[in-house]
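Enquirer: Contents of work-v7.txt (compact mmCIF, C-alpha atoms):
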# COMPACT_ATOMS: atom_id res chain seq x y z
CA MET G 1 13.80 79.26 96.12
CA SER G 2 16.66 78.49 93.68
CA LEU G 3 16.71 80.69 90.58
CA SER G 4 19.02 80.02 87.66
CA ARG G 5 20.84 82.85 85.97
CA ASP G 6 19.19 81.97 82.64
CA LEU G 7 15.74 82.06 84.23
CA LEU G 8 16.26 85.51 85.73
CA GLU G 9 17.55 86.88 82.45
CA LYS G 10 14.42 85.71 80.61
CA ASP G 11 11.24 87.74 80.39
CA LEU G 12 8.78 84.93 81.09
CA TYR G 13 5.83 87.21 80.42
CA LYS G 14 7.18 87.87 76.93
CA VAL G 15 7.67 84.13 76.39
CA LEU G 16 3.93 83.58 76.98
CA GLY G 17 2.97 86.83 75.25
CA VAL G 18 1.08 88.25 78.24
CA PRO G 19 1.44 91.56 80.13
CA LYS G 20 3.12 91.62 83.54
CA ASP G 21 -0.22 92.25 85.24
CA ALA G 22 -1.89 89.29 83.51
CA THR G 23 -4.42 87.35 85.55
CA GLU G 24 -4.09 83.66 86.32
CA SER G 25 -6.72 82.79 83.72
CA GLU G 26 -4.96 84.88 81.04
CA ILE G 27 -1.68 83.08 81.73
CA LYS G 28 -3.40 79.70 81.58
CA LYS G 29 -5.16 80.57 78.32
CA ALA G 30 -1.93 81.81 76.70
CA TYR G 31 -0.02 78.72 77.81
CA ARG G 32 -2.62 76.29 76.47
CA LYS G 33 -2.71 78.04 73.10
CA LEU G 34 1.07 78.06 72.70
CA ALA G 35 1.48 74.52 74.06
CA ARG G 36 -0.92 73.19 71.41
CA GLU G 37 0.94 75.06 68.67
CA TYR G 38 4.46 73.98 69.66
CA HIS G 39 3.85 70.57 71.23
CA PRO G 40 6.43 68.02 69.98
CA ASP G 41 3.67 65.62 68.90
CA ALA G 42 2.39 68.26 66.50
CA ASN G 43 5.86 69.24 65.30
CA LYS G 44 7.74 65.98 64.92
CA GLY G 45 11.34 66.47 63.89
CA ASP G 46 11.24 70.25 64.48
CA SER G 47 13.94 71.01 67.06
CA SER G 48 13.09 74.73 67.15
CA ALA G 49 9.47 73.95 68.06
CA GLU G 50 10.71 71.57 70.76
CA GLU G 51 12.91 74.29 72.28
CA ARG G 52 10.04 76.78 72.10
CA PHE G 53 7.77 74.27 73.89
CA LYS G 54 10.37 73.91 76.67
CA GLU G 55 10.51 77.70 77.08
CA ILE G 56 6.73 77.92 77.24
CA SER G 57 6.53 75.13 79.83
CA GLU G 58 9.29 76.72 81.91
CA ALA G 59 7.51 80.09 81.88
CA ASN G 60 4.18 78.50 82.82
CA ASP G 61 5.77 76.55 85.71
CA VAL G 62 6.80 79.84 87.28
CA LEU G 63 3.98 82.22 86.37
CA ALA G 64 1.13 79.78 87.02
CA ASP G 65 2.31 79.35 90.62
CA ALA G 66 1.41 82.46 92.62
CA LYS G 67 4.28 82.04 95.10
CA ARG G 68 6.95 81.35 92.46
CA ARG G 69 5.64 84.20 90.33
CA LYS G 70 5.92 86.62 93.26
CA GLU G 71 9.47 85.51 94.00
CA TYR G 72 10.40 85.75 90.32
CA ASP G 73 8.99 89.28 90.06
CA GLU G 74 10.86 90.37 93.20
CA ALA G 75 14.10 88.80 92.02
CA ARG G 76 13.81 90.45 88.60
CA ALA G 77 13.10 93.82 90.20
CA LEU G 78 16.00 93.67 92.68
CA PHE G 79 18.58 91.69 90.78
CA ALA G 80 17.78 92.18 87.11
CA ASN G 81 21.45 92.19 86.19
CA GLY G 82 22.68 89.06 88.02
CA GLY G 83 25.35 89.03 90.70
CA PHE G 84 23.75 86.66 93.22
CA ARG G 85 25.85 84.48 95.42
CA PRO G 86 26.24 81.00 93.92
CA GLY G 87 24.06 78.24 95.25
CA PRO G 88 25.37 74.86 96.34
CA GLY G 89 27.24 72.96 93.66
CA GLY G 90 28.49 75.79 91.46
CA GLY G 91 27.62 79.10 89.88
CA GLY G 92 24.82 77.95 87.60
CA SER G 93 22.08 78.83 90.08
CA PHE G 94 21.72 81.41 92.83
CA ASN G 95 19.92 81.31 96.15
CA PHE G 96 17.47 84.13 96.63
CA ASP G 97 16.24 84.35 100.18
CA LEU G 98 16.11 87.71 101.95
CA GLY G 99 15.96 85.86 105.25
CA ASP G 100 19.34 84.28 104.49
CA LEU G 101 20.74 87.65 103.48
CA PHE G 102 19.54 89.33 106.63
CA GLY G 103 20.67 86.40 108.75
CA GLY G 104 24.13 86.55 107.24
CA ALA G 105 24.24 90.29 107.87
CA GLN G 106 23.26 90.11 111.54
CA GLY G 107 25.87 90.72 114.17
CA GLY G 108 26.51 88.36 117.02
CA GLY G 109 23.79 90.04 119.08
CA GLY G 110 20.99 88.22 117.22
CA ALA G 111 17.87 89.70 115.66
CA GLY G 112 17.83 93.40 115.03
CA GLY G 113 21.61 93.77 115.18
CA PHE G 114 22.73 94.11 111.56
CA GLY G 115 26.47 94.27 111.28
CA GLY G 116 26.17 96.63 108.25
CA GLY G 117 23.65 98.18 105.86
CA LEU G 118 21.97 96.23 103.08
CA GLY G 119 24.37 97.96 100.73
CA ASP G 120 27.23 96.15 102.48
CA VAL G 121 25.44 92.81 102.20
CA PHE G 122 24.49 93.25 98.54
CA GLY G 123 27.79 94.86 97.66
CA GLY G 124 29.68 91.92 99.11
CA LEU G 125 27.59 89.51 97.05
CA PHE G 126 27.77 91.53 93.85
CA ASN G 127 31.53 91.97 94.00
CA ARG G 128 32.44 88.51 95.22
CA GLY G 129 35.46 87.32 93.30
CA GLY G 130 36.41 90.89 92.42
CA THR G 131 33.84 91.28 89.63
CA GLY G 132 30.94 93.75 89.63
CA THR G 133 27.55 92.84 88.28
CA ARG G 134 27.63 94.98 85.19
CA THR G 135 31.11 93.89 84.16
CA GLN G 136 30.02 90.30 83.62
CA PRO G 137 29.31 88.99 80.10
CA ARG G 138 25.86 89.94 78.91
CA ARG G 139 23.72 88.22 76.30
CA GLY G 140 22.71 90.23 73.27
CA GLN G 141 19.13 91.25 72.73
CA ASP G 142 16.68 89.21 70.67
CA ILE G 143 15.63 90.76 67.37
CA GLU G 144 12.34 90.38 65.55
CA SER G 145 11.96 90.76 61.81
CA GLU G 146 9.45 89.95 59.08
CA VAL G 147 9.76 88.45 55.63
CA THR G 148 7.24 88.00 52.81
CA LEU G 149 7.46 84.92 50.59
CA ASN G 150 5.48 84.02 47.53
CA PHE G 151 3.40 80.85 47.61
CA THR G 152 6.02 78.66 45.91
CA GLU G 153 8.87 79.87 48.15
CA ALA G 154 6.87 79.01 51.25
CA VAL G 155 6.16 75.50 49.97
CA GLU G 156 9.65 74.73 48.68
CA GLY G 157 11.76 76.82 51.08
CA ALA G 158 13.91 79.83 50.21
CA THR G 159 17.03 81.77 51.20
CA VAL G 160 16.21 85.45 51.59
CA PRO G 161 18.27 88.53 52.55
CA LEU G 162 17.29 90.29 55.77
CA ARG G 163 18.62 93.71 56.68
CA MET G 164 18.61 94.28 60.44
CA SER G 165 19.64 97.02 62.81
CA SER G 166 20.72 96.41 66.40
CA ALA G 167 22.99 97.78 69.09
CA ALA G 168 26.58 96.53 68.88
CA ALA G 169 30.00 97.57 70.09
CA CYS G 170 30.84 100.96 68.58
CA LYS G 171 33.38 100.42 65.79
CA ALA G 172 34.78 103.94 66.12
CA CYS G 173 36.00 103.38 69.69
CA SER G 174 36.05 99.55 69.77
CA GLY G 175 33.31 99.59 72.40
CA THR G 176 35.35 101.55 74.97
CA GLY G 177 33.31 104.76 74.71
CA ASP G 178 36.54 106.76 74.49
CA LYS G 179 37.69 108.17 71.15
CA ASN G 180 41.29 107.30 72.06
CA GLY G 181 40.36 103.85 73.32
CA THR G 182 41.62 104.62 76.85
CA PRO G 183 38.69 105.02 79.25
CA ARG G 184 39.45 105.63 82.91
CA VAL G 185 38.03 104.02 86.01
CA CYS G 186 34.80 105.73 87.03
CA PRO G 187 35.56 107.92 90.05
CA THR G 188 31.99 107.74 91.30
CA CYS G 189 31.82 103.96 91.76
CA VAL G 190 35.60 103.30 91.73
CA GLY G 191 35.16 100.78 88.92
CA THR G 192 32.51 98.61 90.60
CA GLY G 193 29.65 99.86 88.44
CA GLN G 194 27.49 100.33 91.57
CA VAL G 195 26.70 103.00 94.12
CA SER G 196 24.95 102.73 97.48
CA ARG G 197 22.16 105.00 98.56
CA GLY G 198 20.59 105.38 101.96
CA SER G 199 16.95 104.50 102.41
CA GLY G 200 16.53 105.57 106.04
CA GLY G 201 16.86 103.66 109.28
CA GLY G 202 20.52 102.83 108.67
CA PHE G 203 19.79 100.75 105.54
CA SER G 204 21.38 101.26 102.15
CA LEU G 205 20.57 99.87 98.70
CA THR G 206 22.85 99.29 95.73
CA ASP G 207 22.04 100.78 92.31
CA PRO G 208 23.88 100.88 88.99
CA CYS G 209 26.23 103.83 88.88
CA PRO G 210 24.43 106.76 87.20
CA ASP G 211 27.66 108.20 85.77
CA CYS G 212 29.08 105.13 84.02
CA LYS G 213 25.74 103.30 83.62
CA GLY G 214 27.14 100.28 85.46
CA ARG G 215 30.15 99.83 83.14
CA GLY G 216 32.75 100.77 85.77
CA LEU G 217 34.60 102.86 83.18
CA THR G 218 34.08 106.38 81.97
CA PRO G 219 35.58 107.93 78.81
CA GLU G 220 38.25 110.61 79.13
CA ASN G 221 37.34 111.84 75.66
CA PRO G 222 33.81 110.66 74.74
CA CYS G 223 33.50 109.03 71.32
CA ASP G 224 31.82 111.27 68.76
CA VAL G 225 29.80 108.34 67.38
CA CYS G 226 28.41 106.66 70.50
CA HIS G 227 28.83 109.68 72.81
CA GLY G 228 30.67 107.59 75.37
CA SER G 229 28.19 104.71 75.67
CA GLY G 230 30.37 102.19 73.84
CA ARG G 231 27.31 101.00 71.89
CA ALA G 232 26.11 102.15 68.50
CA LYS G 233 23.52 101.16 65.94
CA SER G 234 24.81 98.56 63.55
CA SER G 235 23.16 97.48 60.31
CA ARG G 236 23.88 94.20 58.60
CA THR G 237 22.39 92.04 55.88
CA MET G 238 22.06 88.33 56.52
CA GLN G 239 21.14 85.49 54.21
CA VAL G 240 18.46 83.61 56.13
CA ARG G 241 17.23 80.16 55.13
CA ILE G 242 13.47 79.81 55.53
CA PRO G 243 12.60 76.10 55.75
CA ALA G 244 10.21 74.47 53.31
CA GLY G 245 6.59 74.16 54.32
CA VAL G 246 6.27 77.33 56.41
CA SER G 247 2.77 78.74 56.79
CA ASP G 248 1.47 82.29 56.86
CA GLY G 249 2.08 83.93 60.25
CA GLN G 250 4.58 81.31 61.43
CA ARG G 251 7.35 82.57 63.76
CA ILE G 252 10.80 81.06 63.20
CA ARG G 253 13.60 81.23 65.76
CA LEU G 254 17.22 81.41 64.57
CA ARG G 255 19.60 80.91 67.47
CA GLY G 256 22.54 83.26 67.83
CA LYS G 257 21.47 85.49 64.92
CA GLY G 258 20.30 88.39 67.09
CA ALA G 259 22.18 91.37 68.53
CA PRO G 260 25.82 90.81 69.56
CA GLY G 261 26.49 90.21 73.24
CA GLU G 262 28.46 92.53 75.49
CA ARG G 263 31.80 91.75 77.10
CA GLY G 264 32.07 88.37 75.42
CA GLY G 265 28.44 87.38 76.08
CA PRO G 266 26.53 85.25 73.53
CA ASN G 267 24.48 86.74 70.74
CA GLY G 268 20.73 86.99 71.10
CA ASP G 269 18.28 85.15 68.86
CA LEU G 270 16.51 86.27 65.70
CA TYR G 271 12.75 85.71 65.39
CA VAL G 272 11.35 85.93 61.87
CA VAL G 273 7.60 86.21 61.23
CA VAL G 274 6.73 84.81 57.79
CA HIS G 275 4.01 86.22 55.54
CA VAL G 276 2.94 84.11 52.58
CA GLY G 277 1.30 85.39 49.41
CA THR G 278 -1.52 83.65 47.56
CA HIS G 279 -1.38 81.64 44.31
CA PRO G 280 -3.78 82.08 41.37
CA VAL G 281 -4.26 78.30 40.98
CA PHE G 282 -3.25 76.47 44.12
CA GLY G 283 -4.42 76.72 47.69
CA ARG G 284 -3.09 75.09 50.85
CA LYS G 285 -4.58 73.04 53.66
CA ASP G 286 -1.97 72.06 56.26
CA ASP G 287 0.64 70.00 54.35
CA ASN G 288 -1.67 69.43 51.37
CA LEU G 289 -2.10 71.63 48.32
CA THR G 290 -5.54 72.13 46.80
CA ILE G 291 -6.74 72.79 43.26
CA THR G 292 -10.12 72.94 41.53
CA VAL G 293 -10.14 71.35 38.06
CA PRO G 294 -13.00 71.88 35.56
CA VAL G 295 -14.23 68.82 33.61
CA THR G 296 -16.84 68.45 30.90
CA PHE G 297 -20.22 66.85 31.49
CA VAL G 298 -19.18 64.01 29.18
CA GLU G 299 -16.00 63.34 31.22
CA ALA G 300 -17.97 63.36 34.46
CA ALA G 301 -20.71 61.09 33.10
CA LEU G 302 -18.63 58.62 31.07
CA GLY G 303 -15.33 58.84 32.94
CA GLY G 304 -11.88 59.35 31.49
CA GLU G 305 -8.39 60.57 32.21
CA VAL G 306 -7.76 64.15 33.29
CA LYS G 307 -4.42 65.95 33.38
CA VAL G 308 -3.85 68.08 36.47
CA PRO G 309 -1.05 70.68 36.93
CA THR G 310 1.27 70.43 39.94
CA LEU G 311 3.28 73.13 41.70
CA GLY G 312 6.71 73.33 40.10
CA GLY G 313 6.55 69.87 38.52
CA PRO G 314 5.10 68.00 35.56
CA PRO G 315 1.32 67.45 35.43
CA VAL G 316 -0.20 64.25 36.77
CA THR G 317 -2.96 62.20 35.15
CA LEU G 318 -5.95 61.21 37.29
CA LYS G 319 -8.49 58.59 36.31
CA LEU G 320 -11.99 60.02 36.52
CA PRO G 321 -14.57 57.30 37.30
CA ALA G 322 -17.81 57.25 35.30
CA GLY G 323 -20.60 59.10 37.06
CA THR G 324 -18.29 61.44 39.00
CA PRO G 325 -20.44 64.05 40.76
CA ASN G 326 -19.64 67.74 40.82
CA GLY G 327 -17.49 68.69 43.86
CA ARG G 328 -15.84 65.29 44.31
CA THR G 329 -12.25 65.50 45.65
CA MET G 330 -9.52 63.11 44.52
CA ARG G 331 -5.98 62.78 45.83
CA ALA G 332 -2.63 62.88 44.03
CA ARG G 333 -0.25 61.50 46.64
CA GLY G 334 3.11 63.15 47.27
CA LYS G 335 2.37 66.25 45.19
CA GLY G 336 1.68 68.63 48.08
CA ALA G 337 3.78 70.85 50.37
CA VAL G 338 7.07 69.74 51.89
CA ARG G 339 6.71 68.50 55.46
CA LYS G 340 9.22 69.08 58.27
CA ASP G 341 10.55 65.54 57.88
CA GLY G 342 11.28 66.09 54.17
CA THR G 343 8.30 64.12 52.85
CA ARG G 344 5.45 65.74 50.94
CA GLY G 345 1.76 66.06 51.52
CA ASP G 346 -0.84 65.39 48.82
CA LEU G 347 -2.52 67.40 46.10
CA LEU G 348 -6.29 67.48 46.68
CA VAL G 349 -8.09 67.79 43.35
CA THR G 350 -11.73 68.97 43.43
CA VAL G 351 -13.79 68.32 40.29
CA GLU G 352 -16.01 71.09 38.96
CA VAL G 353 -18.35 70.18 36.11
CA ALA G 354 -18.18 72.96 33.53
CA VAL G 355 -21.48 73.97 31.91
CA PRO G 356 -20.99 75.45 28.42
CA LYS G 357 -22.54 78.88 27.89
CA ASP G 358 -23.00 78.46 24.15
CA LEU G 359 -24.02 75.24 22.40
CA GLY G 360 -23.61 74.42 18.74
CA ASP G 361 -26.47 72.92 16.77
CA LYS G 362 -25.14 69.37 16.97
CA ALA G 363 -24.48 69.60 20.70
CA ARG G 364 -27.96 71.01 21.29
CA GLU G 365 -29.57 68.22 19.26
CA ALA G 366 -27.58 65.63 21.17
CA LEU G 367 -28.70 67.09 24.50
CA GLU G 368 -32.33 67.22 23.35
CA SER G 369 -32.09 63.55 22.41
CA TYR G 370 -30.53 62.83 25.79
CA ARG G 371 -33.34 64.65 27.57
CA GLU G 372 -35.95 62.60 25.70
CA ALA G 373 -34.11 59.37 26.51
CA THR G 374 -34.07 60.22 30.23
CA SER G 375 -37.46 61.90 30.50
CA GLY G 376 -38.71 59.32 32.97
CA GLU G 377 -35.90 60.00 35.41
CA ASP G 378 -36.19 62.61 38.15
CA PRO G 379 -33.00 63.18 40.17
CA ARG G 380 -35.03 65.16 42.74
CA ALA G 381 -37.59 62.44 43.47
CA GLU G 382 -35.71 61.07 46.46
CA LEU G 383 -35.28 64.59 47.82
CA PHE G 384 -39.03 65.27 47.83
CA GLN G 385 -39.77 61.82 49.22
CA ALA G 386 -37.32 62.34 52.09
CA SER G 387 -38.76 65.79 52.86
CA LYS G 388 -42.22 64.33 53.38
CA GLY G 389 -40.99 61.76 55.84
CA ALA G 390 -39.01 64.23 57.95
For this file, produce the structure as structure tokens.
Expert:
Amino acid sequence: MSLSRDLLEKDLYKVLGVPKDATESEIKKAYRKLAREYHPDANKGDSSAEERFKEISEANDVLADAKRRKEYDEARALFANGGFRPGPGGGGSFNFDLGDLFGGAQGGGGAGGFGGGLGDVFGGLFNRGGTGTRTQPRRGQDIESEVTLNFTEAVEGATVPLRMSSAAACKACSGTGDKNGTPRVCPTCVGTGQVSRGSGGGFSLTDPCPDCKGRGLTPENPCDVCHGSGRAKSSRTMQVRIPAGVSDGQRIRLRGKGAPGERGGPNGDLYVVVHVGTHPVFGRKDDNLTITVPVTFVEAALGGEVKVPTLGGPPVTLKLPAGTPNGRTMRARGKGAVRKDGTRGDLLVTVEVAVPKDLGDKAREALESYREATSGEDPRAELFQASKGA
């Protein structure tokens, strides 16, 4: 099986949002849910959704296959920090096959005659080219944060400050772990960042050095801030642009805005979960805004023009047809939420016939006259007729 470095560095279970002991059906259910949410057809023009869909598909390809999942779990457990021997055609992928490793370690006598312990085999692979596993560049961690927007900010988009804390190179010692900036080579692992331990039967396994934590260097005078680790908590405030049209609970990925990498490695990503407040007048349905507008009985019966407020813009005038029933919804095109392609949805206007609580004498007389003029009409006649035939 050929495993890429990027694949082994990813937590595929986290990508799908399932635990490591998830069943096959749980993995399938999680994949289907996420695939529907981030499918390119449902997120046209959204490059972040497209990348997320690729990640989800990649994770499902591995975890949904029992054999590939087993090999992935074993590879992550044994080689979580990289250092495999390059596969054919370059260093972008690495061959993981214990049979190959054992075969390469056998002496000329054939099966059962290992020329050295597993520590020799793994050590040779890890240190090929003179570089230990832990001294290679390492990608920074991903960071998750939350932000709360008001209704208008979510519709129109907003730039908000986010204060985040993450591990970064200690400023006091410039990431060396030594207060004087002059760490020495670790005497335990002799700078390799690894130590071998016997497991019985002549075999040995390679582990990160417990004294230098795999760094290969140990401080002569430990830094008072990071206590020799070379890493310290760092707080920073970033101005983050939240795109227009985000919905409540949406998770946005900002590439390279996470924790700084180690030893020249790339930064991690920042994931922002958006919470959206409500509005006293407007509601939202996908890319459309909604509003309920009261009209008088006269306007509903005789028709007329009705002014309707819009979010952040001038009001629009809708023509109300004569005989408009209560609850009818009309559409003001282009007055809704901003879509991902820059266009706008519509404003859905629902008519609500307002019944006055108090009537003046003239209004009451007019209604009494109207009732006499329509006394022969029964709006419920068809209802009773239909109920008998059912």
Enquirer: Dump as CSV the rows for residues of range 226-323 of chain G within 12 Å of range 174-193 of chain G: closest atom pair and distance in Å with one decimal, all atoms listed in the file counted, ordered by chain and rising residue number.
Expert:
residue,atom,partner,partner_atom,distance
G:Cys226,CA,G:Gly177,CA,6.7
G:His227,CA,G:Gly177,CA,6.9
G:Gly228,CA,G:Gly177,CA,3.9
G:Ser229,CA,G:Gly177,CA,5.2
G:Gly230,CA,G:Gly177,CA,4.0
G:Arg231,CA,G:Gly175,CA,6.2
G:Ala232,CA,G:Gly175,CA,8.6
G:Lys233,CA,G:Gly175,CA,11.8
G:Pro260,CA,G:Gly175,CA,11.9
G:Gly261,CA,G:Gly175,CA,11.6
G:Glu262,CA,G:Gly175,CA,9.1
G:Arg263,CA,G:Gly175,CA,9.3
G:Gly264,CA,G:Gly175,CA,11.7
Enquirer: For CA of Val195 in chain G and CA of Leu217 in chain G, determine how far apart the two atoms are, in Å to one decimal place.
Expert: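 That distance, rounded to one decimal, is 13.5 Å.
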Enquirer: Quick one: of G:Val274, G:Ala322, G:Ala64, G:Ala59, who's nearest to Ala158 in chain G, counting all atoms listed in the file?
Expert: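 Ranked by minimum distance to Ala158 in chain G, first place goes to G:Val274.
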Enquirer: From the options G:Tyr31, G:Phe53, G:Phe384, G:Tyr370, which residue's atoms come nearest to Val298 in chain G, counting only C-alpha atoms?
Expert: G:Tyr370
Enquirer: Counting only C-alpha atoms, which residues have an atom no more than 6 Å from (16.5, 90.1, 68.1) in the file's coordinates? Please list them as a list in words.
Expert: Gln141, Asp142, Ile143, Glu144, Gly258, Ala259, Asp269 and Leu270 of chain G
Enquirer: With only C-alpha atoms as the atoms that count, which of G:Leu383, G:Val349, G:Leu367, G:Val62 lies nearest to Leu320 in chain G?
Expert: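 Among the listed residues, the smallest separation from Leu320 in chain G belongs to G:Val349.
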Enquirer: Compile the contact shell of range 239-247 of chain G as an MDAnalysis selection string: residues with an atom at most 8 Å away, counting all atoms listed in the file, same-chain residues fewer than 3 positions apart removed.
Expert: chainID G and resid 153:162 250 274:276 287 337:340
Enquirer: Set the distance at 10 Å and use only C-alpha atoms: which residues neighbour Leu12 in chain G once local chain neighbours fewer than 4 positions away are removed? I'd like the list as a PyMOL selection string.
Expert: chain G and resi 7-8+16-20+55-56+58-60+62-63+69+72-73
Enquirer: Please, could you write that set of residues out with C-alpha atoms as a short mmCIF file (atom, residue, chain, number, x, y, z; two decimals), in the coordinates of the input?
Expert:
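File selection-v7.cif, as written:
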data_model
loop_
_atom_site.label_atom_id
_atom_site.label_comp_id
_atom_site.auth_asym_id
_atom_site.auth_seq_id
_atom_site.Cartn_x
_atom_site.Cartn_y
_atom_site.Cartn_z
CA LEU G 7 15.74 82.06 84.23
CA LEU G 8 16.26 85.51 85.73
CA LEU G 16 3.93 83.58 76.98
CA GLY G 17 2.97 86.83 75.25
CA VAL G 18 1.08 88.25 78.24
CA PRO G 19 1.44 91.56 80.13
CA LYS G 20 3.12 91.62 83.54
CA GLU G 55 10.51 77.70 77.08
CA ILE G 56 6.73 77.92 77.24
CA GLU G 58 9.29 76.72 81.91
CA ALA G 59 7.51 80.09 81.88
CA ASN G 60 4.18 78.50 82.82
CA VAL G 62 6.80 79.84 87.28
CA LEU G 63 3.98 82.22 86.37
CA ARG G 69 5.64 84.20 90.33
CA TYR G 72 10.40 85.75 90.32
CA ASP G 73 8.99 89.28 90.06
#
Enquirer: Can you work out which one of G:Arg344, G:Ala66, G:Lys319, G:Val293 has the shortest atom-to-atom distance to Thr23 in chain G, counting all atoms listed in the file?
Expert: G:Ala66
Enquirer: Which is closer to Thr329 in chain G than all the others in G:Val353, G:Arg139, G:Leu302, G:Thr292, using only C-alpha atoms?
Expert: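 Ranked by minimum distance to Thr329 in chain G, first place goes to G:Thr292.
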Enquirer: Taking only C-alpha atoms into account, name the residue in G:Gly277, G:Pro356, G:Gly304, G:Gly268 that is nearest to Thr324 in chain G.
Expert: G:Gly304
Enquirer: Can you measure CA of Thr290 in chain G to CA of Thr350 in chain G for me? One decimal in Å is fine.
Expert: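 These atoms are spaced 7.7 Å apart.
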Enquirer: Could you tell me how far CA of Thr374 in chain G sits from CA of Gly327 in chain G, in Å to one decimal place?
Expert: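 Atom-to-atom, CA of Gly327 in chain G to CA of Thr374 in chain G, that is 23.1 Å.
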Enquirer: Hey, what's within 8 Å of Gly336 in chain G if we count all atoms listed in the file and toss same-chain stuff fewer than 3 positions away? As a VMD selection string, please?
Expert: chain G and resid 287 to 289 311 333 344 to 347
